[in-house]
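**Q** There's a structure below that I have some questions on.
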Amino acid sequence: MFIKDPLKLILANTRSQWGNEGMRPTVRENFAKMIRCRTPALGANVFASELEERIIYFTCKSRTCPSCGHRLTILWQRELWASLPDIPYRGIVFTMPDVLWPIFKENRHLLHDLPVLGAGALKQWFKIMYGVSVQMIVVPHTFGRHLNFNTHLHILVSAGGLRSSDSSWIPSLGINKNAVMRIWKNAVITFLLKALEAKVLKHNSGLGDLRTVLHTQSKRWWSIDIDYLASKAHFLRYAARYIRRPPIAQHRFLKITHHEVEFLTNDLRKKRPVKTQYSTREFVAALAEHVPDRYRHGIRYFGLLAPNSKGQTSAAIFTILGQRIRPKPKRLNWALSLQKTFGSNPLIDSAGQPMRWVKHLSPVSA
């Protein structure tokens, strides 16, 4: 069953739930933008040809809007693919025990530091073992397959690194999975203990004494995953599914009523899609948890890709590797980017004739 703009429909039906002071301001702002996206509420431009006239409504540019986020993600992919050298990469996933998820859910201000901890764990490993710096991109996630709050990191790491002692490129660097896991685990536990000591960590999740919980989790094994065959194209395609977009794809919705939402999720144990049902109230509450706070980046760059390092080392790395620096892709204008992304140019009429701008329509309040 095809449902047009399912998220819009759900948010429009539940405005009384999320549109109050009890919800985070950034959630209210982004949900309101999504409802107004491509409607008279944001205004429009009118284009015309000799045969027809077309009203094109403005988009919301929200980080959680499915359509706006898709186009901007494609542009990000093009630019980053051109800036990275053609070398092998590794995809690494840093997770933590589910006991710790509620702590970060309750203390969202701590989420911003997790990419720094993850990148720091890898930087420490490569520096101690090989004396090199590597390229790293970190994409933090807060959601699991069922919209549950699941804090983890997806990291792209170059398989080789630049040795500072002689400015040579080491093409293949080994990673001891257990050693890196321990560095990551110790970094997170230490970070939470220091936050607790500094009294910047709230704790009402029913876990009991937090120090005892952290001590217990520091003794157990943590799961991390390393994909030794990841290419930059593979990682960028994967990361693009979750950057500047909501954590659930529009096509997964099966049924929406005023009381229930039904959608498909992938069950790893059964190895097939399964139906998941939420009440509308539960669904909106879960979705709201994954709206990023204002001024929080969905992508972080470290090592040789850090902003203060990239300008100094990028040209040298391409030279050492014997590769040419690709020019930054020309920014596609709005109409051409829509044609490339969605397969149709909004400024071409039904007869194939170009349309020209006629006038602007001011926003219409509901």
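The chains in the structure tokens are called A, B, ... from first to last as shown; in each chain the residues are counted from 1, and the ligands are counted from 1 in the order shown.
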What's around region 40-46 of chain A at 6 Å? Count only C-alpha atoms, leave out sequence neighbours fewer than 5 positions away in its own chain, and write the answer as a list in words.
**A**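 Here the answer would be Arg54, Ile55, Ile56, Tyr57, Phe58, Val358, Lys359, His360, Leu361, Ser362, Pro363, Val364 and Ser365 of chain A.
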**Q** Would you save the residues from that selection as a PDB file, in the first residue's frame, using C-alpha atoms?
**A**
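Result file result33.pdb:
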ATOM      1  CA  ARG A  54       3.495  25.832 -12.732  1.00  0.00           C
ATOM      2  CA  ILE A  55       3.623  26.726  -9.038  1.00  0.00           C
ATOM      3  CA  ILE A  56       6.694  25.380  -7.257  1.00  0.00           C
ATOM      4  CA  TYR A  57       6.445  25.581  -3.490  1.00  0.00           C
ATOM      5  CA  PHE A  58       9.506  26.193  -1.354  1.00  0.00           C
ATOM      6  CA  VAL A 358       7.034  34.801 -13.526  1.00  0.00           C
ATOM      7  CA  LYS A 359       6.413  35.867  -9.943  1.00  0.00           C
ATOM      8  CA  HIS A 360       6.794  35.085  -6.257  1.00  0.00           C
ATOM      9  CA  LEU A 361       3.963  34.007  -3.981  1.00  0.00           C
ATOM     10  CA  SER A 362       4.199  35.020  -0.326  1.00  0.00           C
ATOM     11  CA  PRO A 363       3.696  32.427   2.411  1.00  0.00           C
ATOM     12  CA  VAL A 364       0.083  31.739   3.331  1.00  0.00           C
ATOM     13  CA  SER A 365      -0.615  31.173   7.005  1.00  0.00           C
TER      14      SER A 365
END
**Q** Name the residues of region 107-181 of chain A that come out as strand (DSSP E) in a backbone DSSP run; write them as a PDB file with C-alpha atoms, in the first residue's frame.
**A**
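result.pdb was written with the following content:
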ATOM      1  CA  VAL A 132      51.006   7.236  11.567  1.00  0.00           C
ATOM      2  CA  SER A 133      47.974   9.433  11.095  1.00  0.00           C
ATOM      3  CA  GLN A 135      41.908   9.643   7.455  1.00  0.00           C
ATOM      4  CA  MET A 136      38.720   9.291   9.502  1.00  0.00           C
ATOM      5  CA  ILE A 137      35.055  10.174   9.036  1.00  0.00           C
ATOM      6  CA  VAL A 138      32.694   9.503  11.949  1.00  0.00           C
ATOM      7  CA  VAL A 139      28.902   9.301  11.582  1.00  0.00           C
ATOM      8  CA  PRO A 140      27.156   9.060  14.978  1.00  0.00           C
ATOM      9  CA  HIS A 141      23.834   7.180  15.140  1.00  0.00           C
ATOM     10  CA  THR A 142      21.231   7.134  17.895  1.00  0.00           C
ATOM     11  CA  PHE A 143      18.722   4.670  16.455  1.00  0.00           C
ATOM     12  CA  PHE A 149      17.537   4.583  21.102  1.00  0.00           C
ATOM     13  CA  ASN A 150      20.799   2.792  20.270  1.00  0.00           C
ATOM     14  CA  THR A 151      23.962   4.856  20.536  1.00  0.00           C
ATOM     15  CA  HIS A 152      26.798   3.803  18.210  1.00  0.00           C
ATOM     16  CA  LEU A 153      29.336   5.152  15.714  1.00  0.00           C
ATOM     17  CA  HIS A 154      30.000   4.331  12.057  1.00  0.00           C
ATOM     18  CA  ILE A 155      33.562   5.205  11.073  1.00  0.00           C
ATOM     19  CA  LEU A 156      35.374   5.269   7.732  1.00  0.00           C
ATOM     20  CA  VAL A 157      39.140   4.798   8.177  1.00  0.00           C
ATOM     21  CA  SER A 158      41.811   4.738   5.500  1.00  0.00           C
ATOM     22  CA  GLY A 161      48.398   6.122   6.951  1.00  0.00           C
ATOM     23  CA  LEU A 162      50.945   8.926   6.756  1.00  0.00           C
ATOM     24  CA  ARG A 163      54.046   8.353   8.878  1.00  0.00           C
ATOM     25  CA  SER A 168      55.902   8.213   3.822  1.00  0.00           C
ATOM     26  CA  TRP A 169      52.608   6.444   3.186  1.00  0.00           C
ATOM     27  CA  ILE A 170      52.163   3.027   4.814  1.00  0.00           C
TER      28      ILE A 170
END
**Q** Determine, using only C-alpha atoms, which residues of region 51-77 of chain A have any atom at most 12 Å from an atom of region 20-28 of chain A, and tabulate each with its shortest atom pair and distance in Å to one decimal place, rows ordered by chain and then rising number, as JSON lines.
**A**
{"residue": "A:Ser62", "atom": "CA", "partner": "A:Thr26", "partner_atom": "CA", "distance": 10.4}
{"residue": "A:Arg63", "atom": "CA", "partner": "A:Thr26", "partner_atom": "CA", "distance": 10.5}
{"residue": "A:Thr64", "atom": "CA", "partner": "A:Val27", "partner_atom": "CA", "distance": 9.5}
{"residue": "A:Cys65", "atom": "CA", "partner": "A:Val27", "partner_atom": "CA", "distance": 11.9}
**Q** Suppose we keep C-alpha atoms; can you now write the selection as a CSV table (one decimal), in the first residue's frame?
**A**
chain,number,residue,atom,x,y,z
A,62,SER,CA,14.9,20.6,7.6
A,63,ARG,CA,17.6,18.0,8.6
A,64,THR,CA,14.8,15.5,9.3
A,65,CYS,CA,12.8,16.0,6.1
**Q** Quick one: residues within 9 Å of Pro6 (chain A), only C-alpha atoms counted, chain neighbours fewer than 4 positions away excluded, as a list in words?
**A**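 Residues meeting the cut-off are Ile10, Leu11, Gln250, His251, Phe253 and Ile256 of chain A.
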**Q** Go ahead and save the residues from that selection, with N, CA and C atoms, as an mmCIF file, in the first residue's frame.
**A**
data_model
loop_
_atom_site.group_PDB
_atom_site.id
_atom_site.type_symbol
_atom_site.label_atom_id
_atom_site.label_comp_id
_atom_site.auth_asym_id
_atom_site.auth_seq_id
_atom_site.Cartn_x
_atom_site.Cartn_y
_atom_site.Cartn_z
ATOM 1 N N ILE A 10 1.473 11.655 9.742
ATOM 2 C CA ILE A 10 1.555 11.317 11.165
ATOM 3 C C ILE A 10 1.744 12.574 12.018
ATOM 4 N N LEU A 11 2.649 13.459 11.591
ATOM 5 C CA LEU A 11 2.929 14.658 12.380
ATOM 6 C C LEU A 11 1.743 15.618 12.384
ATOM 7 N N GLN A 250 10.509 6.252 3.898
ATOM 8 C CA GLN A 250 9.089 6.476 3.630
ATOM 9 C C GLN A 250 8.394 5.219 3.096
ATOM 10 N N HIS A 251 9.107 4.442 2.285
ATOM 11 C CA HIS A 251 8.468 3.293 1.642
ATOM 12 C C HIS A 251 8.190 2.136 2.610
ATOM 13 N N PHE A 253 6.428 2.309 5.389
ATOM 14 C CA PHE A 253 5.142 2.427 6.073
ATOM 15 C C PHE A 253 4.072 1.589 5.377
ATOM 16 N N ILE A 256 -1.306 3.690 8.406
ATOM 17 C CA ILE A 256 -1.313 4.817 9.332
ATOM 18 C C ILE A 256 -2.754 5.155 9.665
#
**Q** Tell me which of A:Asp227, A:Glu282, A:Glu260, A:Asp349 sits closest to Pro88 (chain A), counting only C-alpha atoms.
**A**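 Going through A:Asp227, A:Glu282, A:Glu260, A:Asp349 one by one, the smallest distance to Pro88 (chain A) is for A:Asp227.
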**Q** List the neighbours of Ala233 (chain A) out to 12 Å using only C-alpha atoms; skip same-chain residues closer than 3 positions along the sequence, and give me the result as a list in words.
**A** Gln77, Arg78, Glu79, Leu80, Trp81, Ala82, Leu84, Pro85, Asp86, Ile87, Pro88, Tyr89, Arg90, Gly91, Leu156, Leu229, Ala230, Leu236, Arg237, Tyr238, Ala239 and Ala240 of chain A
**Q** Between A:Ser167, A:Glu53, A:Val188, A:Gly303, which one has atoms that come closest to Thr319 (chain A), using only C-alpha atoms?
**A**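 Of A:Ser167, A:Glu53, A:Val188, A:Gly303, the one nearest Thr319 (chain A) is A:Ser167, counting only C-alpha atoms.
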**Q** Just the residues within 10 Å of region 263-271 of chain A, please, counting only C-alpha atoms, with nothing from its chain fewer than 2 positions along; format it as a PyMOL selection string.
**A** chain A and resi 144-147+248-256+261+273-278
**Q** Given the selection you just returned, output its residues as a file containing N, CA and C atoms, formatted as a compact mmCIF listing (two decimals), in the first residue's frame.
**A**
# COMPACT_ATOMS: atom_id res chain seq x y z
N GLY A 144 18.21 2.33 16.42
CA GLY A 144 18.29 0.96 15.96
C GLY A 144 17.24 0.69 14.91
N ARG A 145 17.07 -0.57 14.56
CA ARG A 145 16.17 -0.94 13.47
C ARG A 145 14.70 -0.70 13.81
N HIS A 146 14.38 -0.68 15.09
CA HIS A 146 12.99 -0.52 15.51
C HIS A 146 12.72 0.87 16.10
N LEU A 147 13.57 1.84 15.71
CA LEU A 147 13.49 3.22 16.20
C LEU A 147 13.86 3.33 17.68
N ILE A 248 13.77 6.34 9.41
CA ILE A 248 12.93 5.33 8.77
C ILE A 248 12.57 5.81 7.37
N ALA A 249 12.72 4.92 6.39
CA ALA A 249 12.43 5.27 5.00
C ALA A 249 10.92 5.35 4.77
N GLN A 250 10.51 6.25 3.90
CA GLN A 250 9.09 6.48 3.63
C GLN A 250 8.39 5.22 3.10
N HIS A 251 9.11 4.44 2.28
CA HIS A 251 8.47 3.29 1.64
C HIS A 251 8.19 2.14 2.61
N ARG A 252 8.69 2.22 3.84
CA ARG A 252 8.49 1.14 4.80
C ARG A 252 7.13 1.20 5.51
N PHE A 253 6.43 2.31 5.39
CA PHE A 253 5.14 2.43 6.07
C PHE A 253 4.07 1.59 5.38
N LEU A 254 3.32 0.83 6.18
CA LEU A 254 2.27 -0.03 5.65
C LEU A 254 0.86 0.50 5.97
N LYS A 255 0.71 1.05 7.17
CA LYS A 255 -0.62 1.52 7.58
C LYS A 255 -0.47 2.66 8.58
N ILE A 256 -1.31 3.69 8.41
CA ILE A 256 -1.31 4.82 9.33
C ILE A 256 -2.75 5.16 9.67
N VAL A 261 0.54 3.09 13.95
CA VAL A 261 1.46 3.17 12.82
C VAL A 261 2.06 1.78 12.62
N PRO A 273 12.15 -9.05 6.38
CA PRO A 273 11.38 -7.92 6.94
C PRO A 273 10.21 -8.43 7.78
N VAL A 274 9.94 -7.73 8.87
CA VAL A 274 8.80 -8.07 9.73
C VAL A 274 8.00 -6.80 10.00
N LYS A 275 6.74 -6.96 10.33
CA LYS A 275 5.88 -5.83 10.62
C LYS A 275 6.09 -5.37 12.06
N THR A 276 6.15 -4.07 12.24
CA THR A 276 6.28 -3.48 13.57
C THR A 276 5.14 -2.50 13.77
N GLN A 277 4.46 -2.60 14.90
CA GLN A 277 3.35 -1.70 15.19
C GLN A 277 3.68 -0.82 16.40
N TYR A 278 3.42 0.47 16.26
CA TYR A 278 3.52 1.42 17.35
C TYR A 278 2.19 2.16 17.43
**Q** Please, what distance in Å, to one decimal, runs between CA of Val180 (chain A) and CA of Trp125 (chain A)?
**A**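 Separating CA of Val180 (chain A) from CA of Trp125 (chain A) is a distance of 6.7 Å.
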**Q** Given only C-alpha atoms as the basis, pick out the residue of A:Gln353, A:Gly343, A:Val134, A:Arg296 nearest to Ser309 (chain A).
**A**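 Checking each candidate against Ser309 (chain A), we get A:Val134 as the closest.
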**Q** Find the residue from A:Ala315, A:Ile243, A:Ile128, A:Leu192 that sits nearest to Gly69 (chain A); use only C-alpha atoms when measuring.
**A** A:Ile243
**Q** From the options A:Ile224, A:Leu114, A:Glu29, A:His70, which residue's atoms come nearest to Ile299 (chain A), counting only C-alpha atoms?
**A**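 Going through A:Ile224, A:Leu114, A:Glu29, A:His70 one by one, the smallest distance to Ile299 (chain A) is for A:Leu114.
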**Q** Go ahead and compute the interatomic distance for CA of Leu214 (chain A) and CA of Met129 (chain A), in Å to one decimal.
**A** 28.3 Å
**Q** Select from region 3-35 of chain A everything DSSP, run on the backbone, classes as helix (DSSP H, G or I), then give the selection as a PyMOL selection string.
**A** chain A and resi 6-13+15-18+25-35
**Q** Tell me which of A:Trp334, A:Val99, A:Ile348, A:Ile317 sits closest to Leu305 (chain A), counting only C-alpha atoms.
**A**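 Between A:Trp334, A:Val99, A:Ile348, A:Ile317, the residue approaching Leu305 (chain A) most closely is A:Ile317.
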**Q** For Lys219 (chain A), work out the shell of residues within 12 Å, counting only C-alpha atoms and skipping chain neighbours fewer than 4 positions away, then give it as number ranges by chain.
**A** A: 97, 182, 185-186, 189, 212-215
